[in-house]
>>> print(open('my_file_11.txt').read())   # compact mmCIF, C-alpha atoms
# COMPACT_ATOMS: atom_id res chain seq x y z
CA MET P 1 -6.37 18.40 -19.02
CA ASP P 2 -8.17 16.47 -21.75
CA ALA P 3 -11.10 14.75 -19.99
CA ARG P 4 -11.38 12.38 -22.92
CA ILE P 5 -8.00 10.82 -22.24
CA ILE P 6 -7.62 11.41 -18.48
CA THR P 7 -10.59 11.58 -16.13
CA TYR P 8 -10.38 13.47 -12.84
CA GLU P 9 -12.78 13.55 -9.92
CA LEU P 10 -12.33 14.86 -6.37
CA ARG P 11 -14.39 13.05 -3.71
CA ASP P 12 -13.90 13.36 0.03
CA ARG P 13 -10.36 14.75 -0.32
CA ILE P 14 -9.42 11.89 -2.66
CA ALA P 15 -8.49 12.59 -6.29
CA TRP P 16 -9.52 9.84 -8.71
CA ILE P 17 -7.32 9.88 -11.82
CA GLY P 18 -8.36 7.53 -14.61
CA LEU P 19 -6.42 6.53 -17.72
CA ASN P 20 -9.04 6.69 -20.47
CA ARG P 21 -7.81 5.14 -23.72
CA PRO P 22 -9.61 1.81 -23.34
CA GLN P 23 -9.55 1.13 -27.08
CA LYS P 24 -5.72 1.29 -26.88
CA ARG P 25 -5.55 -0.56 -23.54
CA ASN P 26 -4.61 2.79 -21.96
CA ALA P 27 -1.24 2.84 -23.74
CA ILE P 28 0.68 5.96 -22.79
CA ASN P 29 1.14 8.45 -25.61
CA GLU P 30 2.19 12.11 -25.45
CA ALA P 31 -1.35 13.33 -24.85
CA LEU P 32 -2.00 10.89 -22.02
CA LEU P 33 1.31 11.76 -20.37
CA ALA P 34 0.48 15.48 -20.54
CA GLY P 35 -3.00 14.83 -19.15
CA LEU P 36 -1.56 12.74 -16.34
CA GLU P 37 0.84 15.54 -15.44
CA ALA P 38 -2.00 18.08 -15.27
CA ALA P 39 -4.15 15.75 -13.17
CA VAL P 40 -1.38 15.02 -10.67
CA LEU P 41 -0.62 18.73 -10.29
CA GLN P 42 -4.31 19.41 -9.66
CA ALA P 43 -4.41 16.63 -7.06
CA ARG P 44 -1.38 18.14 -5.34
CA ARG P 45 -3.32 21.41 -4.96
CA GLU P 46 -6.57 20.04 -3.58
CA ALA P 47 -6.39 16.39 -2.45
CA ARG P 48 -5.06 14.50 0.54
CA ALA P 49 -4.71 11.22 -1.37
CA MET P 50 -5.03 10.08 -4.98
CA VAL P 51 -5.99 6.87 -6.72
CA LEU P 52 -4.77 6.05 -10.24
CA PHE P 53 -6.78 3.49 -12.20
CA GLY P 54 -7.53 2.42 -15.75
CA HIS P 55 -10.83 2.59 -17.59
CA GLY P 56 -11.71 -0.44 -19.68
CA PRO P 57 -10.11 -3.88 -19.74
CA CYS P 58 -6.81 -3.08 -18.01
CA PHE P 59 -4.76 -0.60 -16.03
CA CYS P 60 -2.17 0.19 -18.70
CA ALA P 61 -0.52 -1.83 -21.48
CA GLY P 62 2.52 0.45 -21.52
CA LEU P 63 4.10 2.69 -24.10
CA ASP P 64 2.19 3.52 -27.28
CA LEU P 65 4.56 1.79 -29.69
CA ALA P 66 2.83 3.17 -32.77
CA GLU P 67 3.86 6.67 -31.70
CA HIS P 68 7.26 5.59 -30.41
CA ARG P 69 8.66 3.58 -33.31
CA SER P 70 9.52 6.63 -35.44
CA ARG P 71 11.64 8.39 -32.78
CA GLU P 72 15.37 8.94 -33.23
CA ALA P 73 17.80 8.19 -30.38
CA ALA P 74 17.90 11.79 -29.12
CA GLU P 75 14.11 11.93 -29.15
CA VAL P 76 13.88 8.67 -27.22
CA PHE P 77 16.24 10.09 -24.60
CA GLN P 78 14.15 13.24 -24.16
CA HIS P 79 10.93 11.20 -24.15
CA SER P 80 12.30 8.97 -21.39
CA ARG P 81 13.30 12.00 -19.32
CA ALA P 82 9.79 13.43 -19.75
CA TRP P 83 8.34 10.22 -18.28
CA HIS P 84 10.79 10.45 -15.38
CA ALA P 85 9.71 14.02 -14.69
CA VAL P 86 5.98 13.26 -14.68
CA PHE P 87 6.33 10.08 -12.62
CA SER P 88 8.52 11.98 -10.16
CA LEU P 89 5.62 14.36 -9.52
CA ILE P 90 3.80 11.33 -8.13
CA ARG P 91 6.68 9.64 -6.36
CA ARG P 92 8.22 12.73 -4.76
CA GLY P 93 5.04 14.73 -4.35
CA PRO P 94 3.20 15.56 -1.11
CA VAL P 95 0.08 13.49 -1.85
CA PRO P 96 0.19 9.71 -1.29
CA ALA P 97 -0.76 7.83 -4.45
CA ILE P 98 -2.42 4.43 -4.74
CA ALA P 99 -2.49 2.42 -7.97
CA ALA P 100 -5.64 0.28 -8.39
CA LEU P 101 -4.59 -2.41 -10.86
CA HIS P 102 -6.53 -4.83 -13.03
CA GLY P 103 -5.72 -6.64 -16.25
CA ALA P 104 -2.52 -5.75 -18.10
CA THR P 105 -0.04 -3.73 -16.05
CA VAL P 106 2.96 -4.06 -18.32
CA GLY P 107 5.93 -2.04 -19.54
CA GLY P 108 5.26 1.64 -18.97
CA GLY P 109 2.09 0.72 -17.09
CA LEU P 110 4.17 -1.15 -14.54
CA GLU P 111 6.54 1.82 -14.34
CA LEU P 112 3.59 4.12 -13.64
CA ALA P 113 2.31 1.75 -10.95
CA ALA P 114 5.80 1.66 -9.41
CA ALA P 115 5.73 5.46 -9.19
CA CYS P 116 2.81 5.20 -6.76
CA HIS P 117 3.30 4.63 -3.05
CA LEU P 118 0.84 1.76 -2.66
CA ARG P 119 -0.31 -0.80 -5.21
CA VAL P 120 -3.50 -2.87 -5.06
CA ALA P 121 -3.96 -5.65 -7.62
CA ASP P 122 -7.12 -7.59 -8.28
CA ALA P 123 -7.04 -11.24 -9.36
CA THR P 124 -7.05 -10.34 -13.08
CA ALA P 125 -3.90 -8.20 -12.90
CA PHE P 126 -0.73 -9.41 -14.59
CA PHE P 127 2.69 -7.84 -14.90
CA ALA P 128 5.43 -7.94 -17.52
CA LEU P 129 8.34 -5.97 -18.96
CA PRO P 130 8.13 -6.89 -22.65
CA GLU P 131 10.61 -4.27 -23.84
CA GLY P 132 13.37 -6.86 -24.15
CA SER P 133 11.39 -8.98 -26.61
CA ARG P 134 10.68 -5.84 -28.68
CA GLY P 135 14.31 -4.85 -29.04
CA ILE P 136 14.07 -1.79 -26.80
CA TYR P 137 14.82 -0.94 -23.18
CA VAL P 138 12.69 0.37 -20.34
CA GLY P 139 12.59 4.17 -20.15
CA GLY P 140 10.06 5.15 -17.50
CA GLY P 141 12.13 4.40 -14.41
CA ALA P 142 11.91 0.62 -14.10
CA SER P 143 15.69 0.16 -13.90
CA VAL P 144 15.61 2.00 -10.59
CA HIS P 145 12.13 1.69 -9.16
CA VAL P 146 10.86 -1.72 -10.27
CA ALA P 147 14.30 -3.20 -9.55
CA ARG P 148 14.16 -1.75 -6.04
CA LEU P 149 10.77 -3.34 -5.45
CA ILE P 150 11.55 -6.85 -6.67
CA GLY P 151 15.35 -6.97 -7.00
CA ALA P 152 17.51 -6.70 -10.09
CA ALA P 153 17.64 -10.49 -10.61
CA ARG P 154 13.86 -10.81 -10.91
CA MET P 155 13.70 -7.81 -13.20
CA MET P 156 16.40 -9.39 -15.37
CA ASP P 157 14.29 -12.54 -15.57
CA MET P 158 11.23 -10.57 -16.67
CA MET P 159 13.14 -8.62 -19.33
CA LEU P 160 15.26 -11.46 -20.68
CA THR P 161 12.62 -14.16 -20.80
CA GLY P 162 9.40 -12.17 -21.18
CA ARG P 163 8.07 -13.74 -17.98
CA VAL P 164 4.52 -12.69 -17.09
CA VAL P 165 3.74 -12.49 -13.38
CA ASP P 166 0.27 -12.95 -11.90
CA ALA P 167 -1.16 -10.98 -8.98
CA ALA P 168 -0.34 -13.63 -6.37
CA THR P 169 3.30 -13.78 -7.44
CA ALA P 170 3.47 -9.98 -7.59
CA GLU P 171 2.34 -9.77 -3.98
CA ARG P 172 4.83 -12.44 -2.92
CA TRP P 173 7.64 -10.53 -4.67
CA GLY P 174 6.67 -7.21 -3.09
CA LEU P 175 5.61 -5.68 -6.38
CA VAL P 176 2.14 -4.99 -4.95
CA GLN P 177 1.16 -4.65 -1.30
CA TYR P 178 -2.44 -5.85 -1.59
CA GLN P 179 -4.03 -8.62 -3.63
CA VAL P 180 -7.84 -8.67 -3.79
CA ALA P 181 -10.60 -10.51 -5.62
CA GLU P 182 -11.56 -9.65 -9.20
CA SER P 183 -13.05 -6.15 -9.45
CA GLY P 184 -11.99 -5.42 -5.87
CA ALA P 185 -9.03 -3.10 -6.47
CA ILE P 186 -11.06 0.13 -6.59
CA GLY P 187 -12.87 -0.64 -3.35
CA GLN P 188 -9.65 -1.53 -1.53
CA ALA P 189 -7.91 1.55 -2.91
CA GLU P 190 -10.78 3.74 -1.71
CA ALA P 191 -10.56 2.31 1.80
CA LEU P 192 -6.81 2.87 1.88
CA ALA P 193 -7.10 6.39 0.46
CA ALA P 194 -9.64 7.34 3.13
CA ARG P 195 -7.15 6.30 5.81
CA LEU P 196 -4.32 8.18 4.14
CA ALA P 197 -6.41 11.34 3.76
CA ASP P 198 -6.97 11.31 7.53
CA MET P 199 -3.29 11.01 8.46
CA ALA P 200 -1.38 13.84 10.11
CA PRO P 201 0.32 15.90 7.36
CA LEU P 202 3.75 15.87 9.02
CA THR P 203 3.64 12.08 9.33
CA VAL P 204 2.79 11.84 5.63
CA LEU P 205 5.67 14.20 4.88
CA GLY P 206 8.08 11.90 6.69
CA VAL P 207 6.83 8.74 5.02
CA LEU P 208 6.76 10.19 1.50
CA GLN P 209 9.80 12.45 1.60
CA ALA P 210 12.20 11.24 4.29
CA LEU P 211 11.79 7.47 4.15
CA PRO P 212 12.74 7.00 0.46
CA ARG P 213 15.79 9.23 0.88
CA ILE P 214 16.91 7.41 4.01
CA GLN P 215 17.18 4.23 1.93
CA ASP P 216 19.99 5.87 -0.06
CA MET P 217 21.89 7.13 3.00
CA SER P 218 24.49 5.55 5.21
CA GLU P 219 23.13 3.98 8.38
CA GLU P 220 24.28 6.84 10.60
CA ASP P 221 22.95 9.54 8.27
CA GLY P 222 19.64 7.70 7.94
CA LEU P 223 19.22 7.45 11.69
CA PHE P 224 20.04 11.15 12.06
CA VAL P 225 17.37 12.13 9.52
CA GLU P 226 14.91 9.79 11.25
CA SER P 227 15.47 11.64 14.52
CA LEU P 228 14.96 15.00 12.81
CA MET P 229 11.73 13.78 11.23
CA ALA P 230 10.50 12.40 14.56
CA ALA P 231 11.13 15.78 16.19
CA LEU P 232 9.37 17.65 13.38
CA ALA P 233 6.31 15.39 13.42
CA GLN P 234 5.99 15.92 17.17
CA THR P 235 5.41 19.67 16.56
CA GLY P 236 2.20 19.11 14.60
CA PRO P 237 -1.13 19.78 16.33
CA GLU P 238 -2.36 16.35 15.31
CA ALA P 239 0.40 14.69 17.36
CA ALA P 240 -0.70 16.27 20.64
CA GLU P 241 -4.36 15.58 19.95
CA ARG P 242 -3.94 11.97 18.87
CA LEU P 243 -1.44 11.06 21.57
CA GLY P 244 -3.78 12.64 24.12
CA ASP P 245 -6.68 10.57 22.80
CA PHE P 246 -4.63 7.41 23.09
CA VAL P 247 -3.47 8.13 26.64
CA ALA P 248 -7.08 8.93 27.60
CA LYS P 249 -8.16 5.63 26.00
CA ARG P 250 -10.19 7.44 23.35
CA GLY P 251 -7.94 6.32 20.51
CA ALA P 252 -8.19 2.97 18.76
CA LYS P 253 -5.60 0.36 19.71
CA VAL P 254 -3.78 -1.76 17.18
CA ALA P 255 -5.95 -4.80 16.51
CA GLU P 256 -5.01 -8.23 15.25
CA PRO P 257 -5.38 -8.86 11.50
CA GLY P 258 -9.02 -9.40 10.59
CA GLU P 259 -10.27 -7.68 13.75
CA GLY P 260 -10.64 -4.12 12.46
CA GLY P 261 -6.94 -3.36 12.39
CA GLY P 262 -7.09 -1.77 8.94
CA PRO P 263 -7.65 -2.60 5.26
>>> encode(input="my_file_11.txt", output="structure tokens")
Amino acid sequence: MDARIITYELRDRIAWIGLNRPQKRNAINEALLAGLEAAVLQARREARAMVLFGHGPCFCAGLDLAEHRSREAAEVFQHSRAWHAVFSLIRRGPVPAIAALHGATVGGGLELAAACHLRVADATAFFALPEGSRGIYVGGGASVHVARLIGAARMMDMMLTGRVVDAATAERWGLVQYQVAESGAIGQAEALAARLADMAPLTVLGVLQALPRIQDMSEEDGLFVESLMAALAQTGPEAAERLGDFVAKRGAKVAEPGEGGGP
């Protein structure tokens, strides 16, 4: 991994992965994609949660068009599939990923954010899919994953009109789960990551691996897989310990919002 283009730090079971091309607004080129792949694979070996963030003025301004404009159609196809493969390491991997977003989160940057399991946006974050205005089409998974988050109609609007969405609208649409004050995304992501790192591994397995697949199943098949996952999670040592703590009134109860119930 090239530390000049991707930074990596492991702290308290949390892997911090930083996009580090600030002079290019963290645009994704071949080197950054390769560095991201290496960092995610390292996080899968040693972390219990990971946070992706951008150094400099924004999270990620998308595809490096200077590198992309000379590609032939077959090369564009293979390049798109390479993005899918790397982003799938995040989406389908065993380690929950949080995107801490500020400034431009557009095009391929939005696709990368959508590959994460949780998204936190500070007040400066804005979102767009400018590929339509540039005569190209999304290639990093937006047709599936962004459309599933916000709906195909809203994605059509963004691509056809060039609409730019602010953080408040993104939260209302379901594009991000948390909206925080300017410069607050890293702090919120850290708090969330600490909670995720402490979760029972079999519960994390169910949320990351079973839940997304259940969405593509029939109702009856989805319920069947849910029952299997519930049975599997019950076999973990954490289940017996944590349920015992709750029954013995040693475990924390669910609190109302704003009363210590979570980030």
>>> atom_distance(input="my_file_11.txt", atom1="CA of Ala128 (chain P)", atom2="CA of Ser183 (chain P)")
20.2 Å
>>> residues_around(input="my_file_11.txt", residues="region 186-203 of chain P", least_positions_apart="2", cutoff="7 Å", atoms="only C-alpha atoms", output="compact mmCIF listing (two decimals) with C-alpha atoms, in the coordinates of the input")
# COMPACT_ATOMS: atom_id res chain seq x y z
CA ARG P 13 -10.36 14.75 -0.32
CA ILE P 14 -9.42 11.89 -2.66
CA ARG P 48 -5.06 14.50 0.54
CA ALA P 49 -4.71 11.22 -1.37
CA MET P 50 -5.03 10.08 -4.98
CA VAL P 51 -5.99 6.87 -6.72
CA ILE P 98 -2.42 4.43 -4.74
CA ALA P 100 -5.64 0.28 -8.39
CA VAL P 120 -3.50 -2.87 -5.06
CA GLY P 184 -11.99 -5.42 -5.87
CA LEU P 205 5.67 14.20 4.88
CA GLY P 206 8.08 11.90 6.69
CA VAL P 207 6.83 8.74 5.02
CA ALA P 233 6.31 15.39 13.42
CA GLY P 236 2.20 19.11 14.60
CA GLU P 238 -2.36 16.35 15.31
CA PRO P 263 -7.65 -2.60 5.26
>>> residues_around(input="my_file_11.txt", residues="Val164 (chain P)", least_positions_apart="2", cutoff="12 Å", atoms="all atoms listed in the file", output="number ranges by chain")
P: 103-107, 110, 125-130, 154-155, 157-162, 166-170
>>> write_last_selection(input="my_file_11.txt", atoms="C-alpha atoms", output="PDB file, keeping the file's coordinate frame")
ATOM      1  CA  GLY P 103      -5.720  -6.640 -16.250  1.00  0.00           C
ATOM      2  CA  ALA P 104      -2.520  -5.750 -18.100  1.00  0.00           C
ATOM      3  CA  THR P 105      -0.040  -3.730 -16.050  1.00  0.00           C
ATOM      4  CA  VAL P 106       2.960  -4.060 -18.320  1.00  0.00           C
ATOM      5  CA  GLY P 107       5.930  -2.040 -19.540  1.00  0.00           C
ATOM      6  CA  LEU P 110       4.170  -1.150 -14.540  1.00  0.00           C
ATOM      7  CA  ALA P 125      -3.900  -8.200 -12.900  1.00  0.00           C
ATOM      8  CA  PHE P 126      -0.730  -9.410 -14.590  1.00  0.00           C
ATOM      9  CA  PHE P 127       2.690  -7.840 -14.900  1.00  0.00           C
ATOM     10  CA  ALA P 128       5.430  -7.940 -17.520  1.00  0.00           C
ATOM     11  CA  LEU P 129       8.340  -5.970 -18.960  1.00  0.00           C
ATOM     12  CA  PRO P 130       8.130  -6.890 -22.650  1.00  0.00           C
ATOM     13  CA  ARG P 154      13.860 -10.810 -10.910  1.00  0.00           C
ATOM     14  CA  MET P 155      13.700  -7.810 -13.200  1.00  0.00           C
ATOM     15  CA  ASP P 157      14.290 -12.540 -15.570  1.00  0.00           C
ATOM     16  CA  MET P 158      11.230 -10.570 -16.670  1.00  0.00           C
ATOM     17  CA  MET P 159      13.140  -8.620 -19.330  1.00  0.00           C
ATOM     18  CA  LEU P 160      15.260 -11.460 -20.680  1.00  0.00           C
ATOM     19  CA  THR P 161      12.620 -14.160 -20.800  1.00  0.00           C
ATOM     20  CA  GLY P 162       9.400 -12.170 -21.180  1.00  0.00           C
ATOM     21  CA  ASP P 166       0.270 -12.950 -11.900  1.00  0.00           C
ATOM     22  CA  ALA P 167      -1.160 -10.980  -8.980  1.00  0.00           C
ATOM     23  CA  ALA P 168      -0.340 -13.630  -6.370  1.00  0.00           C
ATOM     24  CA  THR P 169       3.300 -13.780  -7.440  1.00  0.00           C
ATOM     25  CA  ALA P 170       3.470  -9.980  -7.590  1.00  0.00           C
TER      26      ALA P 170
END
>>> residues_around(input="my_file_11.txt", residues="region 77-86 of chain P", least_positions_apart="5", cutoff="10 Å", atoms="all atoms listed in the file", output="list in words")
Ile28, Glu30, Leu33, Ala34, Leu36, Glu37, Ala38, Val40, Leu41, His68, Arg71, Glu72, Arg91, Gly108, Glu111, Leu112, Ala115, Val138, Gly139, Gly140, Gly141 and Ala142 of chain P
>>> atom_distance(input="my_file_11.txt", atom1="CA of Pro22 (chain P)", atom2="CA of Gly56 (chain P)")
4.8 Å
>>> atom_distance(input="my_file_11.txt", atom1="CA of Phe87 (chain P)", atom2="CA of Ala153 (chain P)")
23.6 Å
>>> closest_residue(input="my_file_11.txt", among="P:Cys116, P:Ile5, P:Leu223, P:Leu65", to="Pro94 (chain P)", atoms="only C-alpha atoms")
P:Cys116
>>> axis_aligned_box(input="my_file_11.txt", around="region 146-162 of chain P", padding_each_side="6 Å", output="lines of an AutoDock Vina configuration file")
center_x = 13.5
center_y = -7.9
center_z = -13.3
size_x = 20.2
size_y = 24.4
size_z = 27.7
>>> residues_near_point(input="my_file_11.txt", point="(-9.3, 10.0, -10.1)", cutoff="8 Å", atoms="all atoms listed in the file", output="PDB file with C-alpha atoms, in the frame of the given file")
ATOM      1  CA  THR P   7     -10.590  11.580 -16.130  1.00  0.00           C
ATOM      2  CA  TYR P   8     -10.380  13.470 -12.840  1.00  0.00           C
ATOM      3  CA  GLU P   9     -12.780  13.550  -9.920  1.00  0.00           C
ATOM      4  CA  LEU P  10     -12.330  14.860  -6.370  1.00  0.00           C
ATOM      5  CA  ILE P  14      -9.420  11.890  -2.660  1.00  0.00           C
ATOM      6  CA  ALA P  15      -8.490  12.590  -6.290  1.00  0.00           C
ATOM      7  CA  TRP P  16      -9.520   9.840  -8.710  1.00  0.00           C
ATOM      8  CA  ILE P  17      -7.320   9.880 -11.820  1.00  0.00           C
ATOM      9  CA  GLY P  18      -8.360   7.530 -14.610  1.00  0.00           C
ATOM     10  CA  MET P  50      -5.030  10.080  -4.980  1.00  0.00           C
ATOM     11  CA  VAL P  51      -5.990   6.870  -6.720  1.00  0.00           C
ATOM     12  CA  LEU P  52      -4.770   6.050 -10.240  1.00  0.00           C
ATOM     13  CA  PHE P  53      -6.780   3.490 -12.200  1.00  0.00           C
TER      14      PHE P  53
END
>>> decode(input="my_file_11.txt", residues="region 6-17 of chain P", atoms="all heavy atoms", output="compact mmCIF listing (two decimals), in the first residue's frame")
# COMPACT_ATOMS: atom_id res chain seq x y z
N ILE P 6 -2.85 6.47 0.13
CA ILE P 6 -3.81 5.92 1.09
C ILE P 6 -3.11 5.85 2.44
O ILE P 6 -2.02 5.28 2.55
CB ILE P 6 -4.28 4.50 0.70
CG1 ILE P 6 -5.18 4.55 -0.54
CG2 ILE P 6 -5.01 3.84 1.86
CD1 ILE P 6 -6.60 5.05 -0.27
N THR P 7 -3.70 6.43 3.46
CA THR P 7 -3.13 6.31 4.80
C THR P 7 -3.89 5.22 5.55
O THR P 7 -5.09 4.99 5.31
CB THR P 7 -3.22 7.62 5.58
OG1 THR P 7 -4.59 8.00 5.75
CG2 THR P 7 -2.48 8.73 4.83
N TYR P 8 -3.19 4.55 6.46
CA TYR P 8 -3.80 3.46 7.23
C TYR P 8 -3.28 3.52 8.65
O TYR P 8 -2.07 3.62 8.88
CB TYR P 8 -3.45 2.11 6.60
CG TYR P 8 -4.11 0.92 7.30
CD1 TYR P 8 -5.31 0.41 6.85
CD2 TYR P 8 -3.51 0.34 8.42
CE1 TYR P 8 -5.91 -0.66 7.48
CE2 TYR P 8 -4.11 -0.74 9.07
CZ TYR P 8 -5.31 -1.23 8.59
OH TYR P 8 -5.91 -2.30 9.23
N GLU P 9 -4.20 3.44 9.60
CA GLU P 9 -3.82 3.42 11.01
C GLU P 9 -4.80 2.53 11.75
O GLU P 9 -6.02 2.63 11.54
CB GLU P 9 -3.85 4.83 11.59
CG GLU P 9 -3.42 4.90 13.05
CD GLU P 9 -3.49 6.30 13.63
OE1 GLU P 9 -3.96 7.21 12.91
OE2 GLU P 9 -3.10 6.47 14.80
N LEU P 10 -4.29 1.67 12.62
CA LEU P 10 -5.12 0.82 13.46
C LEU P 10 -5.08 1.35 14.89
O LEU P 10 -4.01 1.44 15.50
CB LEU P 10 -4.63 -0.62 13.43
CG LEU P 10 -5.48 -1.63 14.22
CD1 LEU P 10 -6.84 -1.82 13.55
CD2 LEU P 10 -4.76 -2.97 14.34
N ARG P 11 -6.26 1.73 15.42
CA ARG P 11 -6.37 2.22 16.79
C ARG P 11 -7.57 1.58 17.46
O ARG P 11 -8.69 1.69 16.98
CB ARG P 11 -6.56 3.75 16.83
CG ARG P 11 -5.46 4.56 16.22
CD ARG P 11 -5.51 6.03 16.70
NE ARG P 11 -6.83 6.63 16.63
CZ ARG P 11 -7.27 7.37 15.62
NH1 ARG P 11 -6.49 7.60 14.57
NH2 ARG P 11 -8.48 7.91 15.65
N ASP P 12 -7.31 0.89 18.56
CA ASP P 12 -8.40 0.32 19.35
C ASP P 12 -9.34 -0.53 18.50
O ASP P 12 -10.57 -0.36 18.54
CB ASP P 12 -9.19 1.43 20.07
CG ASP P 12 -8.33 2.22 21.02
OD1 ASP P 12 -7.46 1.61 21.66
OD2 ASP P 12 -8.54 3.44 21.13
N ARG P 13 -8.77 -1.40 17.69
CA ARG P 13 -9.50 -2.35 16.83
C ARG P 13 -10.25 -1.66 15.69
O ARG P 13 -11.05 -2.29 15.00
CB ARG P 13 -10.48 -3.19 17.65
CG ARG P 13 -9.87 -3.99 18.78
CD ARG P 13 -10.90 -4.81 19.53
NE ARG P 13 -11.89 -3.93 20.17
CZ ARG P 13 -13.00 -4.36 20.76
NH1 ARG P 13 -13.28 -5.65 20.78
NH2 ARG P 13 -13.84 -3.52 21.34
N ILE P 14 -9.97 -0.38 15.48
CA ILE P 14 -10.60 0.37 14.38
C ILE P 14 -9.54 0.74 13.36
O ILE P 14 -8.51 1.32 13.71
CB ILE P 14 -11.28 1.65 14.91
CG1 ILE P 14 -12.34 1.31 15.95
CG2 ILE P 14 -11.89 2.44 13.76
CD1 ILE P 14 -12.86 2.51 16.71
N ALA P 15 -9.76 0.38 12.11
CA ALA P 15 -8.85 0.75 11.02
C ALA P 15 -9.32 2.07 10.42
O ALA P 15 -10.48 2.22 10.02
CB ALA P 15 -8.85 -0.34 9.95
N TRP P 16 -8.39 3.03 10.36
CA TRP P 16 -8.67 4.34 9.77
C TRP P 16 -8.01 4.40 8.39
O TRP P 16 -6.79 4.35 8.28
CB TRP P 16 -8.13 5.45 10.67
CG TRP P 16 -8.88 5.54 11.96
CD1 TRP P 16 -8.64 4.82 13.10
CD2 TRP P 16 -10.00 6.37 12.23
NE1 TRP P 16 -9.54 5.16 14.07
CE2 TRP P 16 -10.39 6.11 13.58
CE3 TRP P 16 -10.70 7.32 11.50
CZ2 TRP P 16 -11.47 6.76 14.18
CZ3 TRP P 16 -11.77 7.98 12.10
CH2 TRP P 16 -12.14 7.70 13.42
N ILE P 17 -8.84 4.48 7.37
CA ILE P 17 -8.36 4.45 5.98
C ILE P 17 -8.64 5.80 5.35
O ILE P 17 -9.80 6.21 5.21
CB ILE P 17 -9.06 3.33 5.19
CG1 ILE P 17 -8.76 1.96 5.83
CG2 ILE P 17 -8.62 3.34 3.72
CD1 ILE P 17 -9.55 0.82 5.22
